[in-house]
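Visitor: Dropping a structure here in structure tokens format, bear with me for questions.
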Amino acid sequence: MSLALTGVSYTYAAGTSFATRALVSVDVAFGPGEVVLVLGATGSGKSTLLRVAAGLLAPDAGSVTLDGRLVDGPLAVVRPGVGFVFQSPEMQLFAETVEVDVAFGPRNQGLSEDEARIEALRALAAVGLDAEEFGTRSPFSLSGGEARRAAIAGVLAMTPGYLLLDEPTAGLDLSGREAVQAIVVAARTRAGVVVVTHDAEEFLGVADRVILLSEGRVIFDGPADELVQSPERFAEAGLRAPEILRAQMLARDAGLALPRFALDPLAAAALIAGAREGAR
Amino acid sequence: MGWTLLACKDVDEASGVTGMIEFIDITFEYRTAGGSVPALRGVSTKLLPGELVTVLGPNGSGKSTLARLANGLLHPSGGRVIVDDIDSLDAARVWDVRSRVGLVFQNPDNQIVATTVEEDVAFGPENLGVNRPAMRERVAGALEAVGLAGLEKREPHTLSGGQKQRLAIAGALALAPAYLVLDEPTAMLDLQGRSDVLEVLARLRDSGTGIMHITHHLADAAAADRVLVLARGSVLYDGVPSRLLGDSELLGRCGLTLPPVGRLAEELRAAGVPVPADALTAESVVSAL
């Protein structure tokens with residue numbers, strides 16, 4: 001069971017002078033029950049990767065398989081299995097009430113009104129929006145964080161086996177970002193979750209695996225902790241390592257013998273304090 | 001007169017006016033079909049030349065409204081906005097206000113209009129009828145200020161996100177504003193793009209521009225002279241960053257938490273390492289070790 005890209009290449013405006021190679025021979029697979037973080041500088045191919053995985057773009061070369069089935073036909077073949085949360089998805093809210101908006105997807109999938117309503121209520125609960133309080137509100141009366149969560153609920157209501165999110169926390173305040181993180185963690189129990197982000201720090205702690213993209217190629221694909229232990233890999237992808245890891249790299253450069261790196265501030269402080277003791 | 005910006009500055013210097021943007025007891029309501037929604041409820045603050053103020057607060061706290069009030073894009077429902085002694089409600093002088101206060105928004109793609117970098121920066125001054133030699137100077141100066149000199153002929157779509165946002169800032173700078181108000185300019189950028197933009201803001205502050213930087217990243221506050229925290233349209237904190245950053249109870253009340261590196265600094269402080277309270281960068285933490 002996986003959503004797998006094999007030898008996938010994609011070029012925008014191929015054959016013209018504006019041709020831009022976005023993906024070059026990419027092999028990646030996403031499994032159920034894991035949170036995979038896709039990191040890379042602007043223009044590294046992150047969003048293209050998601051679009052190809054979702055079947056929104058057909059690769060120039062290579063193939064996409066969903067749980068073993070080749071996915072090369074019309075979008076409808078892919079979509080029941082793969083949910084895509086675009087950047088700023090709240091821009092796409094449209095219905096008169098939150099509940100009707102969230103039920104739109106399952107209704108389109110052929111569910112009856114009652115069945116769709118059950119899925120909508122379940123999805124609203126999954127994103128932490130109380131259906132009593134928010135179900136009858138206009139989506140346009142919601143705060144930024146609430147609207148983002150309602151939009152994600154609209155995708156969850158279609159019970160995708162794989163959930164792809166493109167910059168899900170961009171533009172949100174702290175409480176909104178925490179709510180979206182919680183959604184990602186909770187979604188893992190029902191789906192494979194892929195998060196494209198430029199805020200590595202926010203999701204590194206909850207990710208099982210990280211994929212680093214640079215100029216359309218995968219330059220790292222491994223456990224999140226492997227990347228944490230070798231933060232110089234960020235620079236290879238044209239990225240800055242999270243500040244807490246940079247602090248530990250600088251401390252090591254300054255001569256402190258840190259045995260390992262930690263994402264957690266408490267653990268990092270203990271490592272640094274321990275190394276200072278050892279240096280005396 | 002209004003748009004001969006450099007002349008405006010001379011006048012101010014000649015008359016001995018020390019300018020600032022002053023928000024005096026501002027209230028603002030958005031009118032909707034169902035009534036009105038208060039966005040600001042009695043906000044008083046100011047922005048001085050050569051000062052970098054970071055504005056924080058949750059979604060819906062009134063940050064963006066404050067930005068739009070600063071240059072007369074919106075007018076207050078109550079209270080007054082005074083820009084270098086000009087009331088933003090003075091319809092005859094609206095362009096004087098706008099030429100003094102540059103605005104930069106979140107998404108650079110929505111702010112770039114031309115097909116080359118230099119033409120994009122020239123768009124503003126060209127519209128104001130600035131003559132060619134002066135314009136060349138302004139474009140060169142603006143690109144230099146944001147670190148994009150040498151990329152004059154590049155097509156904007158080939159720039160990275162951080163470069164595009166710095167281009168948008170250069171476009172605002174070409175109008176020679178005394179103040180620059182930026183509404184989440186780093187929200188769509190990666191860490192490198194973010195730190196490049198922050199560096200540009202610090203440099204502009206050093207050269208005398210008053211900067212109001214609206215952001216969701218508490219870490220950005222470390223580089224500020226002053227931090228303004230808004231919640232539900234009111235001011236929760238207006239003061240130096242170190243006091244806010246060193247007070248976790250106050251941070252909590254403001255709905256903010258320290259980023260991981262700030263919590264590392266806090267833990268090290270607790271362990272007796274003299275890390276300053278406003279240390280929110282790897283460098284500032286490690287230099288204390």
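Ordering of the structure tokens sets the chain letters (A, B, ...), residue numbers begin anew at 1 in every chain, and ligands are numbered from 1 in the order given.
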Counting only C-alpha atoms, a student should be able to say which residues of chain A come within 8 Å of chain B; what is the right answer, written as a VMD selection string?
Guide: chain A and resid 41 to 43 143 to 145 170 to 175 198 to 199 239 to 244 246 to 248 250 to 251 263 to 266 268 to 269 273
Visitor: Can you tell me, as a VMD selection string, which residues in range 60-256 of chain B count as strand (DSSP E or B) by DSSP?
Guide: chain B and resid 78 to 83 86 to 87 101 to 104 179 to 183 210 to 214 226 to 231 234 to 239
Visitor: Can you spit out the residues from that selection as an mmCIF file, in the first residue's frame, using C-alpha atoms?
Guide:
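To be explicit, this is the file written out as selection_36.cif:
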data_model
loop_
_atom_site.group_PDB
_atom_site.id
_atom_site.type_symbol
_atom_site.label_atom_id
_atom_site.label_comp_id
_atom_site.auth_asym_id
_atom_site.auth_seq_id
_atom_site.Cartn_x
_atom_site.Cartn_y
_atom_site.Cartn_z
ATOM 1 C CA GLY B 78 -12.444 57.556 15.568
ATOM 2 C CA GLY B 79 -9.131 59.143 16.577
ATOM 3 C CA ARG B 80 -6.480 60.490 14.230
ATOM 4 C CA VAL B 81 -3.447 59.318 12.284
ATOM 5 C CA ILE B 82 -0.832 62.058 11.965
ATOM 6 C CA VAL B 83 2.044 61.563 9.524
ATOM 7 C CA ILE B 86 -0.293 65.852 8.311
ATOM 8 C CA ASP B 87 -3.693 64.442 9.324
ATOM 9 C CA VAL B 101 4.563 55.914 3.959
ATOM 10 C CA GLY B 102 5.367 52.940 1.703
ATOM 11 C CA LEU B 103 3.326 49.727 2.051
ATOM 12 C CA VAL B 104 4.541 46.206 1.245
ATOM 13 C CA TYR B 179 8.415 55.171 6.620
ATOM 14 C CA LEU B 180 7.905 51.644 5.401
ATOM 15 C CA VAL B 181 5.031 49.495 6.648
ATOM 16 C CA LEU B 182 5.249 45.789 5.794
ATOM 17 C CA ASP B 183 2.324 43.411 6.323
ATOM 18 C CA GLY B 210 10.991 54.178 10.161
ATOM 19 C CA ILE B 211 9.939 50.543 9.755
ATOM 20 C CA MET B 212 6.734 48.899 10.950
ATOM 21 C CA HIS B 213 7.002 45.140 10.435
ATOM 22 C CA ILE B 214 3.875 43.036 10.927
ATOM 23 C CA ARG B 226 10.143 48.199 19.969
ATOM 24 C CA VAL B 227 7.423 45.545 19.911
ATOM 25 C CA LEU B 228 3.712 46.247 19.661
ATOM 26 C CA VAL B 229 1.361 43.373 20.506
ATOM 27 C CA LEU B 230 -2.287 43.697 19.497
ATOM 28 C CA ALA B 231 -5.185 41.447 20.479
ATOM 29 C CA SER B 234 -6.315 46.669 21.625
ATOM 30 C CA VAL B 235 -2.678 47.155 22.588
ATOM 31 C CA LEU B 236 -1.450 44.423 24.968
ATOM 32 C CA TYR B 237 2.209 45.431 24.941
ATOM 33 C CA ASP B 238 4.160 48.358 23.530
ATOM 34 C CA GLY B 239 7.795 48.412 24.606
#
Visitor: Give me, please, the distance in Å between CA of Gln87 in chain A and CA of Val52 in chain A, quoted to one decimal.
Guide: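 CA of Val52 in chain A lies at a distance of 15.6 Å from CA of Gln87 in chain A.
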Visitor: Looking only at the backbone, which of the residues in range 116-150 of chain B does DSSP tag as alpha helix (DSSP H), as a PDB file with C-alpha atoms, in the first residue's frame?
Guide:
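Produced file states-v3.pdb, reproduced below:
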ATOM      1  CA  VAL B 117      13.693  43.902 -12.278  1.00  0.00           C
ATOM      2  CA  GLU B 118      14.752  47.482 -13.034  1.00  0.00           C
ATOM      3  CA  GLU B 119      11.532  48.349 -14.854  1.00  0.00           C
ATOM      4  CA  ASP B 120       9.556  47.037 -11.940  1.00  0.00           C
ATOM      5  CA  VAL B 121      11.374  49.299  -9.495  1.00  0.00           C
ATOM      6  CA  ALA B 122      11.030  52.227 -11.904  1.00  0.00           C
ATOM      7  CA  PHE B 123       7.256  51.793 -12.160  1.00  0.00           C
ATOM      8  CA  GLY B 124       6.417  53.895  -9.112  1.00  0.00           C
ATOM      9  CA  PRO B 125       8.694  56.896  -9.735  1.00  0.00           C
ATOM     10  CA  GLU B 126       7.832  56.813 -13.450  1.00  0.00           C
ATOM     11  CA  ASN B 127       4.164  57.183 -12.580  1.00  0.00           C
ATOM     12  CA  ARG B 132      15.158  60.073 -16.053  1.00  0.00           C
ATOM     13  CA  PRO B 133      18.495  60.814 -14.377  1.00  0.00           C
ATOM     14  CA  ALA B 134      16.839  61.043 -10.957  1.00  0.00           C
ATOM     15  CA  MET B 135      14.954  57.846 -11.662  1.00  0.00           C
ATOM     16  CA  ARG B 136      18.101  55.931 -12.598  1.00  0.00           C
ATOM     17  CA  GLU B 137      19.596  57.020  -9.328  1.00  0.00           C
ATOM     18  CA  ARG B 138      16.547  55.927  -7.365  1.00  0.00           C
ATOM     19  CA  VAL B 139      16.302  52.540  -9.056  1.00  0.00           C
ATOM     20  CA  ALA B 140      20.003  51.868  -8.504  1.00  0.00           C
ATOM     21  CA  GLY B 141      19.775  53.047  -4.900  1.00  0.00           C
ATOM     22  CA  ALA B 142      16.681  50.961  -4.163  1.00  0.00           C
ATOM     23  CA  LEU B 143      18.163  47.776  -5.669  1.00  0.00           C
ATOM     24  CA  GLU B 144      21.424  48.381  -3.804  1.00  0.00           C
ATOM     25  CA  ALA B 145      19.499  48.805  -0.542  1.00  0.00           C
TER      26      ALA B 145
END
Visitor: Any idea what the distance is between CA of Ala70 in chain B and CA of Gly208 in chain B?
Guide: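 Computing the Euclidean distance for CA of Ala70 in chain B and CA of Gly208 in chain B yields 17.8 Å.
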Visitor: Skip Ala61 in chain A itself and residues of its chain fewer than 5 positions away, then list as a ChimeraX atom specification all residues within 9 Å of it, counting only C-alpha atoms.
Guide: /A:6-10,25
Visitor: Please, what distance in Å, to one decimal, runs between CA of Glu22 in chain B and CA of Thr45 in chain B?
Guide: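 According to the coordinates, CA of Glu22 in chain B and CA of Thr45 in chain B are separated by 6.3 Å.
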Visitor: So, with only C-alpha atoms as the atoms that count, which of B:Gly147, B:Gly171, B:Gly129, B:Pro276 lies closest to Asp196 in chain B?
Guide: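 Using only C-alpha atoms, the shortest distance to Asp196 in chain B belongs to B:Gly147.
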Visitor: I'd like the neighbourhood of Leu74 in chain B as a list in words, where a residue qualifies if any of its atoms comes within 12 Å (using only C-alpha atoms), though same-chain residues fewer than 4 positions away should be ignored.
Guide: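 Answer for this query is Ile26, Thr27, Phe28, Glu29, Tyr30, Ala39, Ser64, Thr65, Leu66, Ala67, Arg68, Leu69, Ala70, Gly78, Arg80, Val81, Ser88, Leu89, Val94, Val97 and Arg98 of chain B.
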Visitor: Would you export the selected residues with C-alpha atoms as an mmCIF file, in the first residue's frame, please?
Guide:
data_model
loop_
_atom_site.group_PDB
_atom_site.id
_atom_site.type_symbol
_atom_site.label_atom_id
_atom_site.label_comp_id
_atom_site.auth_asym_id
_atom_site.auth_seq_id
_atom_site.Cartn_x
_atom_site.Cartn_y
_atom_site.Cartn_z
ATOM 1 C CA ILE B 26 -7.690 54.970 16.897
ATOM 2 C CA THR B 27 -10.930 53.088 16.534
ATOM 3 C CA PHE B 28 -11.877 51.361 13.313
ATOM 4 C CA GLU B 29 -14.943 49.397 12.266
ATOM 5 C CA TYR B 30 -15.442 47.382 9.100
ATOM 6 C CA ALA B 39 -11.107 45.971 14.273
ATOM 7 C CA SER B 64 -3.341 44.747 8.943
ATOM 8 C CA THR B 65 -5.931 47.422 9.662
ATOM 9 C CA LEU B 66 -3.260 49.435 11.474
ATOM 10 C CA ALA B 67 -0.968 49.085 8.424
ATOM 11 C CA ARG B 68 -3.639 50.356 6.081
ATOM 12 C CA LEU B 69 -4.437 53.280 8.367
ATOM 13 C CA ALA B 70 -0.769 54.313 8.415
ATOM 14 C CA GLY B 78 -12.444 57.556 15.568
ATOM 15 C CA ARG B 80 -6.480 60.490 14.230
ATOM 16 C CA VAL B 81 -3.447 59.318 12.284
ATOM 17 C CA SER B 88 -4.482 61.395 7.157
ATOM 18 C CA LEU B 89 -8.066 62.700 6.928
ATOM 19 C CA VAL B 94 -3.533 62.416 0.903
ATOM 20 C CA VAL B 97 0.835 61.020 3.327
ATOM 21 C CA ARG B 98 1.106 58.173 0.825
#
Visitor: Please identify all polymer residues within 12 Å of Leu23 in chain A, counting only C-alpha atoms, omitting same-chain residues fewer than 2 positions from it, and present them as a ChimeraX atom specification.
Guide: /A:5-12,20-21,25-28,43-53,57-62,213-218
Visitor: Would you list the contacts of Gly81 in chain A as an mmCIF file with N, CA and C atoms, in the first residue's frame, taking every protein, DNA or RNA residue within 9 Å and counting only C-alpha atoms, but skipping same-chain residues closer than 4 positions in sequence?
Guide:
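The resulting result-v6.cif:
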data_model
loop_
_atom_site.group_PDB
_atom_site.id
_atom_site.type_symbol
_atom_site.label_atom_id
_atom_site.label_comp_id
_atom_site.auth_asym_id
_atom_site.auth_seq_id
_atom_site.Cartn_x
_atom_site.Cartn_y
_atom_site.Cartn_z
ATOM 1 N N ALA A 54 -0.888 13.959 -6.724
ATOM 2 C CA ALA A 54 -2.349 14.049 -6.642
ATOM 3 C C ALA A 54 -3.007 13.779 -7.990
ATOM 4 N N LEU A 66 -1.034 4.199 -7.228
ATOM 5 C CA LEU A 66 -1.769 4.355 -5.982
ATOM 6 C C LEU A 66 -2.182 2.961 -5.526
ATOM 7 N N VAL A 77 -9.816 9.133 -11.416
ATOM 8 C CA VAL A 77 -9.252 7.859 -10.985
ATOM 9 C C VAL A 77 -8.490 8.040 -9.670
ATOM 10 N N MET A 158 -13.867 13.755 2.584
ATOM 11 C CA MET A 158 -13.874 12.803 1.473
ATOM 12 C C MET A 158 -13.064 11.552 1.808
ATOM 13 N N THR A 159 -12.667 11.411 3.095
ATOM 14 C CA THR A 159 -11.911 10.263 3.623
ATOM 15 C C THR A 159 -10.796 9.788 2.692
ATOM 16 N N PRO A 160 -9.860 10.677 2.379
ATOM 17 C CA PRO A 160 -8.758 10.268 1.499
ATOM 18 C C PRO A 160 -7.810 9.310 2.215
ATOM 19 N N GLY A 161 -7.234 8.386 1.478
ATOM 20 C CA GLY A 161 -6.228 7.486 2.028
ATOM 21 C C GLY A 161 -4.888 8.198 2.161
ATOM 22 N N TYR A 162 -4.711 9.219 1.336
ATOM 23 C CA TYR A 162 -3.502 10.035 1.394
ATOM 24 C C TYR A 162 -3.918 11.497 1.429
ATOM 25 N N LEU A 163 -3.313 12.232 2.350
ATOM 26 C CA LEU A 163 -3.653 13.642 2.513
ATOM 27 C C LEU A 163 -2.417 14.466 2.187
#
